[in-house]
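Everything below belongs to data-v4.pdb, which stores PDB, C-alpha atoms and all ligand atoms.
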```
ATOM      1  CA  MET A1326      30.413  11.313   1.524
ATOM      2  CA  PRO A1327      29.233   7.787   0.568
ATOM      3  CA  ARG A1328      25.489   7.253   0.561
ATOM      4  CA  LYS A1329      24.170   4.864   3.235
ATOM      5  CA  ILE A1330      22.009   2.148   1.691
ATOM      6  CA  ILE A1331      20.204  -1.090   2.530
ATOM      7  CA  ILE A1332      19.815  -3.578  -0.345
ATOM      8  CA  ASP A1333      16.639  -5.678  -0.204
ATOM      9  CA  THR A1334      17.013  -8.531  -2.640
ATOM     10  CA  ASP A1335      15.984 -11.919  -4.098
ATOM     11  CA  PRO A1336      19.233 -13.133  -5.766
ATOM     12  CA  GLY A1337      18.913 -13.848  -8.770
ATOM     13  CA  GLN A1338      21.924 -13.354 -10.998
ATOM     14  CA  ASP A1339      21.066  -9.727 -11.755
ATOM     15  CA  ASP A1340      20.624  -8.960  -8.038
ATOM     16  CA  ALA A1341      24.045 -10.540  -7.524
ATOM     17  CA  VAL A1342      25.701  -8.201 -10.022
ATOM     18  CA  ALA A1343      23.986  -5.246  -8.325
ATOM     19  CA  ILE A1344      25.370  -6.314  -4.928
ATOM     20  CA  LEU A1345      28.890  -6.636  -6.403
ATOM     21  CA  LEU A1346      28.591  -3.174  -7.970
ATOM     22  CA  ALA A1347      27.661  -1.719  -4.578
ATOM     23  CA  LEU A1348      30.547  -3.498  -2.820
ATOM     24  CA  ALA A1349      32.959  -2.295  -5.519
ATOM     25  CA  SER A1350      31.977   1.358  -5.001
ATOM     26  CA  PRO A1351      32.856   2.345  -1.406
ATOM     27  CA  GLU A1352      33.492   5.980  -2.385
ATOM     28  CA  GLU A1353      29.844   6.377  -3.355
ATOM     29  CA  ILE A1354      28.095   3.662  -1.363
ATOM     30  CA  ASP A1355      28.139   2.619   2.299
ATOM     31  CA  LEU A1356      26.254  -0.695   2.305
ATOM     32  CA  LEU A1357      24.743  -0.978   5.789
ATOM     33  CA  GLY A1358      23.374  -4.469   5.181
ATOM     34  CA  ILE A1359      21.429  -6.815   2.939
ATOM     35  CA  ALA A1360      17.915  -8.119   3.584
ATOM     36  CA  ALA A1361      16.886 -11.187   1.599
ATOM     37  CA  VAL A1362      13.267 -11.627   0.493
ATOM     38  CA  ALA A1363      11.366 -14.481  -1.183
ATOM     39  CA  GLY A1364      11.054 -13.852  -4.908
ATOM     40  CA  ASN A1365      13.066 -15.403  -7.720
ATOM     41  CA  VAL A1366      13.486 -18.434  -5.443
ATOM     42  CA  PRO A1367      12.274 -19.156  -1.880
ATOM     43  CA  LEU A1368      13.760 -17.209   1.059
ATOM     44  CA  GLY A1369      16.131 -19.970   2.185
ATOM     45  CA  LEU A1370      17.858 -19.793  -1.182
ATOM     46  CA  THR A1371      17.846 -15.991  -1.516
ATOM     47  CA  ALA A1372      19.396 -15.678   1.963
ATOM     48  CA  THR A1373      22.063 -18.235   0.992
ATOM     49  CA  ASN A1374      22.673 -16.616  -2.395
ATOM     50  CA  ALA A1375      23.127 -13.142  -0.901
ATOM     51  CA  ARG A1376      25.936 -14.534   1.255
ATOM     52  CA  LYS A1377      27.492 -16.423  -1.670
ATOM     53  CA  VAL A1378      27.661 -13.113  -3.552
ATOM     54  CA  CYS A1379      29.340 -11.290  -0.646
ATOM     55  CA  GLU A1380      31.958 -14.061  -0.509
ATOM     56  CA  VAL A1381      32.616 -13.740  -4.264
ATOM     57  CA  ALA A1382      33.656 -10.170  -3.397
ATOM     58  CA  GLY A1383      35.675 -11.330  -0.379
ATOM     59  CA  ARG A1384      33.251  -9.513   1.915
ATOM     60  CA  ALA A1385      32.208 -12.030   4.556
ATOM     61  CA  ASP A1386      31.895  -9.025   6.906
ATOM     62  CA  VAL A1387      28.644  -7.821   5.299
ATOM     63  CA  GLN A1388      25.554  -8.256   7.474
ATOM     64  CA  VAL A1389      22.970 -10.428   5.679
ATOM     65  CA  PHE A1390      19.476 -10.924   7.105
ATOM     66  CA  ALA A1391      16.541 -13.110   6.071
ATOM     67  CA  GLY A1392      13.268 -11.197   5.694
ATOM     68  CA  CYS A1393       9.795 -12.290   4.650
ATOM     69  CA  ASP A1394       9.252 -15.731   3.155
ATOM     70  CA  ARG A1395       5.993 -14.953   1.351
ATOM     71  CA  PRO A1396       4.032 -12.022  -0.089
ATOM     72  CA  LEU A1397       1.514 -10.090   2.035
ATOM     73  CA  ALA A1398      -1.624 -11.496   0.465
ATOM     74  CA  HIS A1399      -0.762 -14.015  -2.261
ATOM     75  CA  SER A1400       1.116 -17.292  -2.322
ATOM     76  CA  LEU A1401       4.703 -17.007  -3.511
ATOM     77  CA  VAL A1402       5.431 -17.046  -7.246
ATOM     78  CA  THR A1403       9.062 -17.878  -8.087
ATOM     79  CA  ALA A1404      11.150 -17.723 -11.276
ATOM     80  CA  GLU A1405      13.382 -20.796 -11.391
ATOM     81  CA  HIS A1406      12.688 -20.935 -15.130
ATOM     82  CA  VAL A1407      14.780 -17.774 -15.441
ATOM     83  CA  HIS A1408      17.358 -18.100 -12.663
ATOM     84  CA  GLY A1409      17.738 -21.887 -12.334
ATOM     85  CA  LYS A1410      16.797 -24.094  -9.393
ATOM     86  CA  THR A1411      19.294 -22.452  -7.004
ATOM     87  CA  GLY A1412      18.372 -18.963  -8.187
ATOM     88  CA  LEU A1413      22.061 -18.343  -8.880
ATOM     89  CA  ASP A1414      22.803 -20.972 -11.529
ATOM     90  CA  GLY A1415      25.788 -20.523 -13.838
ATOM     91  CA  PRO A1416      29.060 -20.793 -11.901
ATOM     92  CA  ASP A1417      29.480 -23.420  -9.202
ATOM     93  CA  LEU A1418      29.869 -21.437  -5.963
ATOM     94  CA  PRO A1419      30.655 -22.942  -2.549
ATOM     95  CA  ASP A1420      28.097 -22.854   0.246
ATOM     96  CA  PRO A1421      28.593 -19.650   2.253
ATOM     97  CA  GLN A1422      30.808 -19.717   5.353
ATOM     98  CA  MET A1423      29.605 -16.338   6.624
ATOM     99  CA  PRO A1424      26.666 -16.401   9.053
ATOM    100  CA  LEU A1425      23.126 -15.234   8.478
ATOM    101  CA  GLN A1426      22.308 -12.559  11.048
ATOM    102  CA  PRO A1427      19.774 -13.711  13.689
ATOM    103  CA  ARG A1428      17.573 -10.604  13.424
ATOM    104  CA  HIS A1429      14.647 -10.643  10.951
ATOM    105  CA  GLY A1430      15.382  -8.536   7.869
ATOM    106  CA  VAL A1431      12.334  -6.354   8.523
ATOM    107  CA  ASP A1432      13.589  -5.562  12.044
ATOM    108  CA  PHE A1433      17.024  -4.758  10.623
ATOM    109  CA  ILE A1434      15.422  -2.229   8.257
ATOM    110  CA  ILE A1435      13.351  -0.657  11.068
ATOM    111  CA  ASP A1436      16.208  -0.560  13.592
ATOM    112  CA  THR A1437      18.672   0.894  11.081
ATOM    113  CA  LEU A1438      16.291   3.666  10.012
ATOM    114  CA  ARG A1439      15.673   4.548  13.674
ATOM    115  CA  GLU A1440      19.406   4.494  14.528
ATOM    116  CA  GLU A1441      20.714   6.442  11.518
ATOM    117  CA  ALA A1442      20.099  10.166  11.088
ATOM    118  CA  PRO A1443      16.723  10.977   9.500
ATOM    119  CA  GLY A1444      16.844  11.267   5.719
ATOM    120  CA  LYS A1445      20.272   9.635   5.455
ATOM    121  CA  VAL A1446      19.409   6.041   4.482
ATOM    122  CA  THR A1447      18.341   4.947   0.980
ATOM    123  CA  LEU A1448      16.426   1.691   0.531
ATOM    124  CA  CYS A1449      17.286  -0.277  -2.627
ATOM    125  CA  PRO A1450      14.700  -3.019  -3.227
ATOM    126  CA  LEU A1451      15.665  -5.387  -6.060
ATOM    127  CA  GLY A1452      12.862  -7.943  -5.597
ATOM    128  CA  PRO A1453       9.252  -8.096  -4.386
ATOM    129  CA  LEU A1454       8.532  -5.254  -1.937
ATOM    130  CA  THR A1455       7.326  -7.480   0.902
ATOM    131  CA  ASN A1456      10.080  -6.559   3.405
ATOM    132  CA  ILE A1457       9.767  -2.836   2.734
ATOM    133  CA  ALA A1458       5.980  -2.790   3.048
ATOM    134  CA  THR A1459       6.068  -4.948   6.192
ATOM    135  CA  ALA A1460       8.592  -2.563   7.784
ATOM    136  CA  LEU A1461       6.424   0.462   6.909
ATOM    137  CA  GLN A1462       3.289  -1.215   8.289
ATOM    138  CA  LYS A1463       5.029  -2.409  11.467
ATOM    139  CA  ALA A1464       6.795   0.930  12.118
ATOM    140  CA  PRO A1465       5.071   3.854  10.369
ATOM    141  CA  ASP A1466       7.504   6.224  12.107
ATOM    142  CA  ILE A1467      10.299   5.134   9.757
ATOM    143  CA  ALA A1468       8.699   6.521   6.570
ATOM    144  CA  PRO A1469       9.884  10.141   7.032
ATOM    145  CA  ARG A1470      13.340   8.844   7.990
ATOM    146  CA  VAL A1471      13.944   7.265   4.547
ATOM    147  CA  GLN A1472      16.025   9.457   2.205
ATOM    148  CA  GLU A1473      14.738   7.726  -0.946
ATOM    149  CA  ILE A1474      13.592   4.348  -2.234
ATOM    150  CA  VAL A1475      15.323   3.397  -5.498
ATOM    151  CA  LEU A1476      13.775   0.172  -6.761
ATOM    152  CA  MET A1477      13.761  -2.119  -9.759
ATOM    153  CA  GLY A1478      10.195  -2.971 -10.706
ATOM    154  CA  GLY A1479       7.229  -2.227 -12.910
ATOM    155  CA  ALA A1480       6.818  -1.587 -16.587
ATOM    156  CA  TYR A1481       4.805   0.666 -18.849
ATOM    157  CA  PHE A1482       5.764   0.902 -22.531
ATOM    158  CA  GLU A1483       7.664  -2.365 -22.174
ATOM    159  CA  VAL A1484       4.577  -4.127 -20.691
ATOM    160  CA  GLY A1485       4.900  -7.205 -18.446
ATOM    161  CA  ASN A1486       7.397 -10.076 -18.217
ATOM    162  CA  ILE A1487       5.544 -12.485 -15.923
ATOM    163  CA  THR A1488       2.040 -11.666 -17.224
ATOM    164  CA  PRO A1489       1.091  -9.533 -20.228
ATOM    165  CA  ALA A1490       0.422  -6.670 -17.798
ATOM    166  CA  ALA A1491       2.910  -6.993 -14.928
ATOM    167  CA  GLU A1492       6.622  -7.072 -14.147
ATOM    168  CA  PHE A1493       7.723  -9.877 -11.770
ATOM    169  CA  ASN A1494       8.729  -7.923  -8.619
ATOM    170  CA  ILE A1495       5.440  -6.014  -8.528
ATOM    171  CA  TYR A1496       3.343  -9.009  -9.629
ATOM    172  CA  VAL A1497       4.605 -11.234  -6.798
ATOM    173  CA  ASP A1498       3.449  -8.788  -4.111
ATOM    174  CA  PRO A1499       1.164  -6.060  -5.497
ATOM    175  CA  GLU A1500      -0.207  -5.167  -2.053
ATOM    176  CA  ALA A1501       3.327  -4.488  -0.830
ATOM    177  CA  ALA A1502       4.006  -2.394  -3.916
ATOM    178  CA  GLU A1503       0.810  -0.412  -3.304
ATOM    179  CA  THR A1504       1.986   0.355   0.256
ATOM    180  CA  VAL A1505       5.376   1.551  -1.031
ATOM    181  CA  PHE A1506       3.985   3.628  -3.906
ATOM    182  CA  LYS A1507       1.462   5.291  -1.553
ATOM    183  CA  SER A1508       3.989   5.858   1.259
ATOM    184  CA  GLY A1509       4.914   9.394   0.230
ATOM    185  CA  ILE A1510       8.612   8.442   0.399
ATOM    186  CA  PRO A1511      10.672   9.868  -2.516
ATOM    187  CA  LEU A1512      10.629   7.062  -5.087
ATOM    188  CA  THR A1513      12.853   6.373  -8.088
ATOM    189  CA  VAL A1514      11.733   3.459 -10.242
ATOM    190  CA  MET A1515      13.779   1.394 -12.725
ATOM    191  CA  PRO A1516      11.054  -0.353 -14.787
ATOM    192  CA  LEU A1517      11.512  -2.796 -17.637
ATOM    193  CA  ASP A1518      11.259   0.294 -19.894
ATOM    194  CA  VAL A1519      14.813   1.108 -18.879
ATOM    195  CA  THR A1520      16.236  -2.283 -17.895
ATOM    196  CA  HIS A1521      15.377  -3.753 -21.291
ATOM    197  CA  LYS A1522      17.861  -1.231 -22.686
ATOM    198  CA  ALA A1523      20.627  -2.700 -20.500
ATOM    199  CA  LEU A1524      21.236  -5.825 -22.594
ATOM    200  CA  VAL A1525      24.267  -8.007 -21.951
ATOM    201  CA  THR A1526      25.418  -8.382 -25.553
ATOM    202  CA  PRO A1527      28.241 -10.861 -26.314
ATOM    203  CA  PRO A1528      30.928  -8.114 -26.335
ATOM    204  CA  ARG A1529      29.697  -6.860 -22.955
ATOM    205  CA  ASN A1530      29.722 -10.387 -21.561
ATOM    206  CA  GLU A1531      33.231 -10.872 -22.992
ATOM    207  CA  ALA A1532      34.372  -7.674 -21.251
ATOM    208  CA  PHE A1533      33.448  -9.188 -17.885
ATOM    209  CA  ARG A1534      35.364 -12.367 -18.712
ATOM    210  CA  ALA A1535      38.347 -10.381 -20.011
ATOM    211  CA  LEU A1536      38.812  -8.861 -16.547
ATOM    212  CA  GLY A1537      40.579 -12.150 -15.796
ATOM    213  CA  THR A1538      39.474 -12.038 -12.159
ATOM    214  CA  HIS A1539      37.303 -14.437 -10.179
ATOM    215  CA  PRO A1540      34.456 -11.875  -9.826
ATOM    216  CA  GLY A1541      34.760 -11.068 -13.543
ATOM    217  CA  ARG A1542      34.463 -14.721 -14.536
ATOM    218  CA  VAL A1543      31.575 -15.301 -12.118
ATOM    219  CA  VAL A1544      29.652 -12.311 -13.496
ATOM    220  CA  ALA A1545      30.238 -13.546 -17.064
ATOM    221  CA  GLU A1546      28.941 -17.015 -16.130
ATOM    222  CA  TRP A1547      25.881 -15.555 -14.338
ATOM    223  CA  THR A1548      24.959 -13.444 -17.319
ATOM    224  CA  ASP A1549      25.640 -16.330 -19.709
ATOM    225  CA  PHE A1550      23.136 -18.465 -17.782
ATOM    226  CA  PHE A1551      20.640 -15.699 -17.150
ATOM    227  CA  GLU A1552      20.436 -14.609 -20.758
ATOM    228  CA  ARG A1553      19.433 -17.924 -22.319
ATOM    229  CA  PHE A1554      15.800 -17.424 -21.241
ATOM    230  CA  ASP A1555      15.409 -13.769 -22.181
ATOM    231  CA  LYS A1556      17.248 -14.070 -25.507
ATOM    232  CA  GLU A1557      14.869 -16.814 -26.608
ATOM    233  CA  LYS A1558      11.829 -14.942 -25.276
ATOM    234  CA  TYR A1559      12.665 -11.542 -26.744
ATOM    235  CA  GLY A1560      15.001 -12.652 -29.521
ATOM    236  CA  SER A1561      17.261  -9.916 -28.240
ATOM    237  CA  GLN A1562      21.023  -9.650 -28.447
ATOM    238  CA  GLY A1563      21.389 -10.442 -24.743
ATOM    239  CA  ALA A1564      19.610 -10.538 -21.397
ATOM    240  CA  PRO A1565      18.430  -7.368 -19.688
ATOM    241  CA  LEU A1566      20.537  -6.728 -16.593
ATOM    242  CA  HIS A1567      17.737  -5.348 -14.441
ATOM    243  CA  ASP A1568      18.880  -4.806 -10.855
ATOM    244  CA  PRO A1569      22.335  -3.196 -11.311
ATOM    245  CA  THR A1570      20.531  -0.136 -12.783
ATOM    246  CA  VAL A1571      19.423   0.697  -9.208
ATOM    247  CA  ILE A1572      23.000   0.856  -7.908
ATOM    248  CA  ALA A1573      24.361   2.529 -11.058
ATOM    249  CA  TYR A1574      21.761   5.285 -10.540
ATOM    250  CA  LEU A1575      23.216   6.030  -7.091
ATOM    251  CA  ILE A1576      26.717   6.293  -8.591
ATOM    252  CA  ARG A1577      25.912   8.038 -11.902
ATOM    253  CA  PRO A1578      22.330   9.377 -11.964
ATOM    254  CA  ASP A1579      23.184  11.221 -15.189
ATOM    255  CA  LEU A1580      23.145   7.877 -17.028
ATOM    256  CA  PHE A1581      19.357   7.799 -16.656
ATOM    257  CA  ALA A1582      16.375   9.829 -17.870
ATOM    258  CA  GLY A1583      12.725   9.683 -16.855
ATOM    259  CA  ARG A1584       9.707  11.623 -15.675
ATOM    260  CA  HIS A1585       8.293  12.442 -12.244
ATOM    261  CA  ILE A1586       4.768  11.103 -12.645
ATOM    262  CA  ASN A1587       1.934   9.327 -10.890
ATOM    263  CA  VAL A1588       2.270   5.533 -10.707
ATOM    264  CA  GLU A1589      -0.388   3.360  -9.117
ATOM    265  CA  ILE A1590      -0.572  -0.403  -8.653
ATOM    266  CA  GLU A1591      -3.367  -2.724  -9.758
ATOM    267  CA  THR A1592      -4.221  -5.046  -6.855
ATOM    268  CA  GLN A1593      -7.831  -6.102  -7.591
ATOM    269  CA  SER A1594      -7.990  -7.501 -11.132
ATOM    270  CA  PRO A1595      -6.770 -11.090 -11.668
ATOM    271  CA  LEU A1596      -6.097 -10.163 -15.296
ATOM    272  CA  THR A1597      -3.887  -7.129 -14.612
ATOM    273  CA  ARG A1598      -2.709  -7.795 -11.033
ATOM    274  CA  GLY A1599       0.632  -6.051 -10.388
ATOM    275  CA  MET A1600       0.392  -3.649 -13.323
ATOM    276  CA  THR A1601       2.159  -0.311 -12.703
ATOM    277  CA  VAL A1602      -0.314   2.191 -14.122
ATOM    278  CA  ALA A1603       2.078   5.006 -15.026
ATOM    279  CA  ASP A1604       0.539   8.348 -16.003
ATOM    280  CA  TRP A1605       3.437   9.024 -18.416
ATOM    281  CA  TRP A1606       1.390  11.558 -20.457
ATOM    282  CA  ARG A1607      -0.052  13.192 -17.316
ATOM    283  CA  VAL A1608      -3.641  12.694 -18.499
ATOM    284  CA  THR A1609      -4.965  12.609 -14.921
ATOM    285  CA  ASP A1610      -4.695  14.974 -11.988
ATOM    286  CA  ARG A1611      -3.240  12.245  -9.802
ATOM    287  CA  ALA A1612      -0.293  13.558  -7.795
ATOM    288  CA  PRO A1613       3.155  12.539  -9.070
ATOM    289  CA  ASN A1614       4.767  10.054  -6.652
ATOM    290  CA  ALA A1615       7.655   8.490  -8.583
ATOM    291  CA  MET A1616      10.606   9.319 -10.791
ATOM    292  CA  PHE A1617       9.832   6.693 -13.458
ATOM    293  CA  MET A1618      12.906   6.025 -15.595
ATOM    294  CA  GLY A1619      12.577   5.454 -19.330
ATOM    295  CA  ASP A1620      16.080   5.653 -20.750
ATOM    296  CA  LEU A1621      19.716   5.004 -19.952
ATOM    297  CA  ASP A1622      23.084   5.378 -21.673
ATOM    298  CA  ALA A1623      23.757   1.631 -22.011
ATOM    299  CA  GLU A1624      27.349   1.971 -23.223
ATOM    300  CA  ARG A1625      28.360   4.114 -20.244
ATOM    301  CA  PHE A1626      26.334   1.894 -17.900
ATOM    302  CA  PHE A1627      28.294  -1.203 -18.945
ATOM    303  CA  SER A1628      31.623   0.669 -18.899
ATOM    304  CA  LEU A1629      30.944   1.734 -15.310
ATOM    305  CA  LEU A1630      29.793  -1.744 -14.329
ATOM    306  CA  THR A1631      32.787  -3.511 -15.896
ATOM    307  CA  GLU A1632      35.314  -1.032 -14.484
ATOM    308  CA  ARG A1633      33.869  -1.405 -10.970
ATOM    309  CA  ILE A1634      33.619  -5.226 -11.072
ATOM    310  CA  GLY A1635      37.270  -5.111 -12.134
ATOM    311  CA  ARG A1636      38.142  -3.440  -8.827
ATOM    312  CA  LEU A1637      36.989  -6.429  -6.721
TER     313      LEU A1637
HETATM  314  O1  LIG A1701      11.456  -8.527 -13.515
HETATM  315  C1  LIG A1701      12.828  -8.488 -13.200
HETATM  316  C2  LIG A1701      13.039  -8.552 -11.730
HETATM  317  O2  LIG A1701      12.501  -9.765 -11.220
HETATM  318  C3  LIG A1701      14.530  -8.561 -11.336
HETATM  319  O3  LIG A1701      14.694  -7.946 -10.084
HETATM  320  C4  LIG A1701      14.830 -10.028 -11.232
HETATM  321  O4  LIG A1701      15.919 -10.292 -10.331
HETATM  322  C5  LIG A1701      13.546 -10.545 -10.642
HETATM  323  O5  LIG A1701      13.586 -10.315  -9.237
HETATM  324 CA    CA A1702      15.705  -9.216  -8.242
END
```
This structure in C-alpha cells:
Amino acid sequence: MPRKIIIDTDPGQDDAVAILLALASPEEIDLLGIAAVAGNVPLGLTATNARKVCEVAGRADVQVFAGCDRPLAHSLVTAEHVHGKTGLDGPDLPDPQMPLQPRHGVDFIIDTLREEAPGKVTLCPLGPLTNIATALQKAPDIAPRVQEIVLMGGAYFEVGNITPAAEFNIYVDPEAAETVFKSGIPLTVMPLDVTHKALVTPPRNEAFRALGTHPGRVVAEWTDFFERFDKEKYGSQGAPLHDPTVIAYLIRPDLFAGRHINVEIETQSPLTRGMTVADWWRVTDRAPNAMFMGDLDAERFFSLLTERIGRL
C-alpha cells in the first residue's frame, strides 16, 4: 500500500530531485500534493519551480500550492548563492503550463489531514518549517492525525552551513522548527550529518546523464550547477544531495541509521539561532522526540535514486 505524503518544499535543485524521486515511486509513495514555501528563493519562485519539476516528470496533474512567503518571526533569508537567481539554475526549463492551486498551502495541509484517515498521512518538509508550524498553530487538531514528519534539516556533528551553528532550513525559521520539534508528532530528521554523506561525485553525476532521458539530463545539470558552491566550500568530491534522503527513507529506511534522541531548537541567541541541540550522547533527561539520522549507505542510495529517475 503506497504511503500518502505531502511534500513541503523550497525548490532548490535538491528539492527538485526529491520530488522526482517521489513521482518515480508510485508503488511506495502516493503524493497527495506539494506545498511551496519561501526558503532557498522567495515563494513566487519556489511555487513556480515546484511546477517546473512536475512538468519535467510529465506530471502536470500534481496539485501544487503556494504556502507562506516569510518566516514566523524573522525576515526571509534566501540562498541564491547556492541555487542561482531562479533557485533552479542549471538546465533551461520552460515556464510551467500547469496551474497553481488557488488554496493556500497551509489550508491544503490542514484540509488533507482532516479528510484523510488519522495517522495515514506523512508530511515531508524539505525547506523551512513555516508552513508546517502555521498549520499546527492554526489547526491544533491535525497534530494527532499526522502519521510522521520526515524532514531535512538541522545538524550536529556536521555543524552549520549558513552560520557556524545552524543548518539553513532551521536557521530561516527557528520558531517554526521549535513548534514542529515540540509538537509530539513522530519525527524523523535528516540532518547535514547524513546528507553530507550523500555526495554527488562525478561518477554519480555521470550515471544520471547516462540514463539518456530528459529527466536524467536535467538532474545531471541541476547537480552540476548545485555542486559548484559546496565543492569549493567543503573541497569535497561533490555536492551533498540533501532533500532526496527524505524520500529515499520512505522507500528504503534500511539505508539509514540514527538514534532516537532529544533535539531542541535555539531561538533566542543571535549567535546560535537555529542550532539543533541534539542530545546524541543522552547526557540529559530530556525526553527523546526525534529519530536523528547519522549515517546512510551512499552507494545504495545513489543506485536507488538513479534507477528510479530512470523510470520517468
Ligand atoms: O541546508 C540544506 C537545505 O537548505 C536543503 O533543503 C536545501 O534545499 C535548502 O533548502
Ligand atoms: Ca530544500
With only C-alpha atoms and all ligand atoms counted, collect every polymer residue having an atom within 9 Å of ligand CA 1702 (chain A); state the result as a PDB file with C-alpha atoms, in the frame of the given file.
```
ATOM      1  CA  ASP A1333      16.639  -5.678  -0.204  1.00  0.00           C
ATOM      2  CA  THR A1334      17.013  -8.531  -2.640  1.00  0.00           C
ATOM      3  CA  ASP A1335      15.984 -11.919  -4.098  1.00  0.00           C
ATOM      4  CA  PRO A1336      19.233 -13.133  -5.766  1.00  0.00           C
ATOM      5  CA  GLY A1337      18.913 -13.848  -8.770  1.00  0.00           C
ATOM      6  CA  GLN A1338      21.924 -13.354 -10.998  1.00  0.00           C
ATOM      7  CA  ASP A1339      21.066  -9.727 -11.755  1.00  0.00           C
ATOM      8  CA  ASP A1340      20.624  -8.960  -8.038  1.00  0.00           C
ATOM      9  CA  ALA A1341      24.045 -10.540  -7.524  1.00  0.00           C
ATOM     10  CA  GLY A1364      11.054 -13.852  -4.908  1.00  0.00           C
ATOM     11  CA  ASN A1365      13.066 -15.403  -7.720  1.00  0.00           C
ATOM     12  CA  PRO A1450      14.700  -3.019  -3.227  1.00  0.00           C
ATOM     13  CA  LEU A1451      15.665  -5.387  -6.060  1.00  0.00           C
ATOM     14  CA  GLY A1452      12.862  -7.943  -5.597  1.00  0.00           C
ATOM     15  CA  PRO A1453       9.252  -8.096  -4.386  1.00  0.00           C
ATOM     16  CA  MET A1477      13.761  -2.119  -9.759  1.00  0.00           C
ATOM     17  CA  GLY A1478      10.195  -2.971 -10.706  1.00  0.00           C
ATOM     18  CA  PHE A1493       7.723  -9.877 -11.770  1.00  0.00           C
ATOM     19  CA  ASN A1494       8.729  -7.923  -8.619  1.00  0.00           C
ATOM     20  CA  HIS A1567      17.737  -5.348 -14.441  1.00  0.00           C
ATOM     21  CA  ASP A1568      18.880  -4.806 -10.855  1.00  0.00           C
TER      22      ASP A1568
END
```
- request: Go through A:Ile1586, A:Ile1457, A:Leu1448, A:Leu1401 one by one, measure the shortest atom-to-atom distance of each to Ile1354 (chain A) using all atoms listed in the file, and give the residue with the smallest value.
  value: A:Leu1448
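CA of Leu1629 (chain A) sits 27.3 Å away from CA of Thr1373 (chain A).
With CA of Ser1350 (chain A) on one side and CA of Arg1577 (chain A) on the other, the separation reads 11.4 Å.
The space separating atom O5 of ligand LIG 1701 (chain A) from CA of Arg1439 (chain A) comes to 27.4 Å.
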- request: Would you kindly translate the PyMOL selection byres (((chain A and resi 1626) around 10) and not hetatm) into the concrete residues it picks from this file, as a PyMOL selection string?
  value: chain A and resi 1523+1569-1570+1573-1574+1577+1580-1581+1621-1625+1627-1631
query: Which residue gives the smallest distance to ligand LIG 1701 (chain A) among A:Glu1503, A:Glu1483, A:Asp1579, A:Glu1492, with all atoms listed in the file counted?
result: A:Glu1492
field: Selection dump of the PyMOL selection byres (((chain A and resi 1548) around 8) and not hetatm), as an MDAnalysis selection string
entry: chainID A and resid 1338:1339 1415 1525 1530 1544:1547 1549:1552 1564
On this file, the PyMOL selection byres (((chain A and resi 1356) around 12) and not hetatm) gives some set of residues; write that set as an mmCIF file with C-alpha atoms, keeping the file's coordinate frame.
```cif
data_model
loop_
_atom_site.group_PDB
_atom_site.id
_atom_site.type_symbol
_atom_site.label_atom_id
_atom_site.label_comp_id
_atom_site.auth_asym_id
_atom_site.auth_seq_id
_atom_site.Cartn_x
_atom_site.Cartn_y
_atom_site.Cartn_z
ATOM 1 C CA PRO A 1327 29.233 7.787 0.568
ATOM 2 C CA ARG A 1328 25.489 7.253 0.561
ATOM 3 C CA LYS A 1329 24.170 4.864 3.235
ATOM 4 C CA ILE A 1330 22.009 2.148 1.691
ATOM 5 C CA ILE A 1331 20.204 -1.090 2.530
ATOM 6 C CA ILE A 1332 19.815 -3.578 -0.345
ATOM 7 C CA ASP A 1333 16.639 -5.678 -0.204
ATOM 8 C CA ALA A 1343 23.986 -5.246 -8.325
ATOM 9 C CA ILE A 1344 25.370 -6.314 -4.928
ATOM 10 C CA LEU A 1345 28.890 -6.636 -6.403
ATOM 11 C CA LEU A 1346 28.591 -3.174 -7.970
ATOM 12 C CA ALA A 1347 27.661 -1.719 -4.578
ATOM 13 C CA LEU A 1348 30.547 -3.498 -2.820
ATOM 14 C CA ALA A 1349 32.959 -2.295 -5.519
ATOM 15 C CA SER A 1350 31.977 1.358 -5.001
ATOM 16 C CA PRO A 1351 32.856 2.345 -1.406
ATOM 17 C CA GLU A 1352 33.492 5.980 -2.385
ATOM 18 C CA GLU A 1353 29.844 6.377 -3.355
ATOM 19 C CA ILE A 1354 28.095 3.662 -1.363
ATOM 20 C CA ASP A 1355 28.139 2.619 2.299
ATOM 21 C CA LEU A 1357 24.743 -0.978 5.789
ATOM 22 C CA GLY A 1358 23.374 -4.469 5.181
ATOM 23 C CA ILE A 1359 21.429 -6.815 2.939
ATOM 24 C CA ALA A 1360 17.915 -8.119 3.584
ATOM 25 C CA CYS A 1379 29.340 -11.290 -0.646
ATOM 26 C CA ARG A 1384 33.251 -9.513 1.915
ATOM 27 C CA ASP A 1386 31.895 -9.025 6.906
ATOM 28 C CA VAL A 1387 28.644 -7.821 5.299
ATOM 29 C CA GLN A 1388 25.554 -8.256 7.474
ATOM 30 C CA VAL A 1389 22.970 -10.428 5.679
ATOM 31 C CA THR A 1437 18.672 0.894 11.081
ATOM 32 C CA VAL A 1446 19.409 6.041 4.482
ATOM 33 C CA THR A 1447 18.341 4.947 0.980
ATOM 34 C CA LEU A 1448 16.426 1.691 0.531
ATOM 35 C CA CYS A 1449 17.286 -0.277 -2.627
ATOM 36 C CA ILE A 1572 23.000 0.856 -7.908
ATOM 37 C CA LEU A 1575 23.216 6.030 -7.091
#
```
task: Fewer than 3 positions away in the same chain doesn't count, so skip those; otherwise give me all residues within 12 Å of Lys1507 (chain A), counting all atoms listed in the file, as a PyMOL selection string.
output: chain A and resi 1458+1461-1462+1468+1500-1504+1510-1512+1587-1590+1611-1615
Would you compute the box with edges along x, y and z of the file around ligand LIG 1701 (chain A), including every atom the file lists for it and 3 Å extra on each side, and give its centre and edge lengths in Å to one decimal, as JSON?
```
{"center_x": 13.7, "center_y": -9.2, "center_z": -11.4, "size_x": 10.5, "size_y": 8.6, "size_z": 10.3}
```
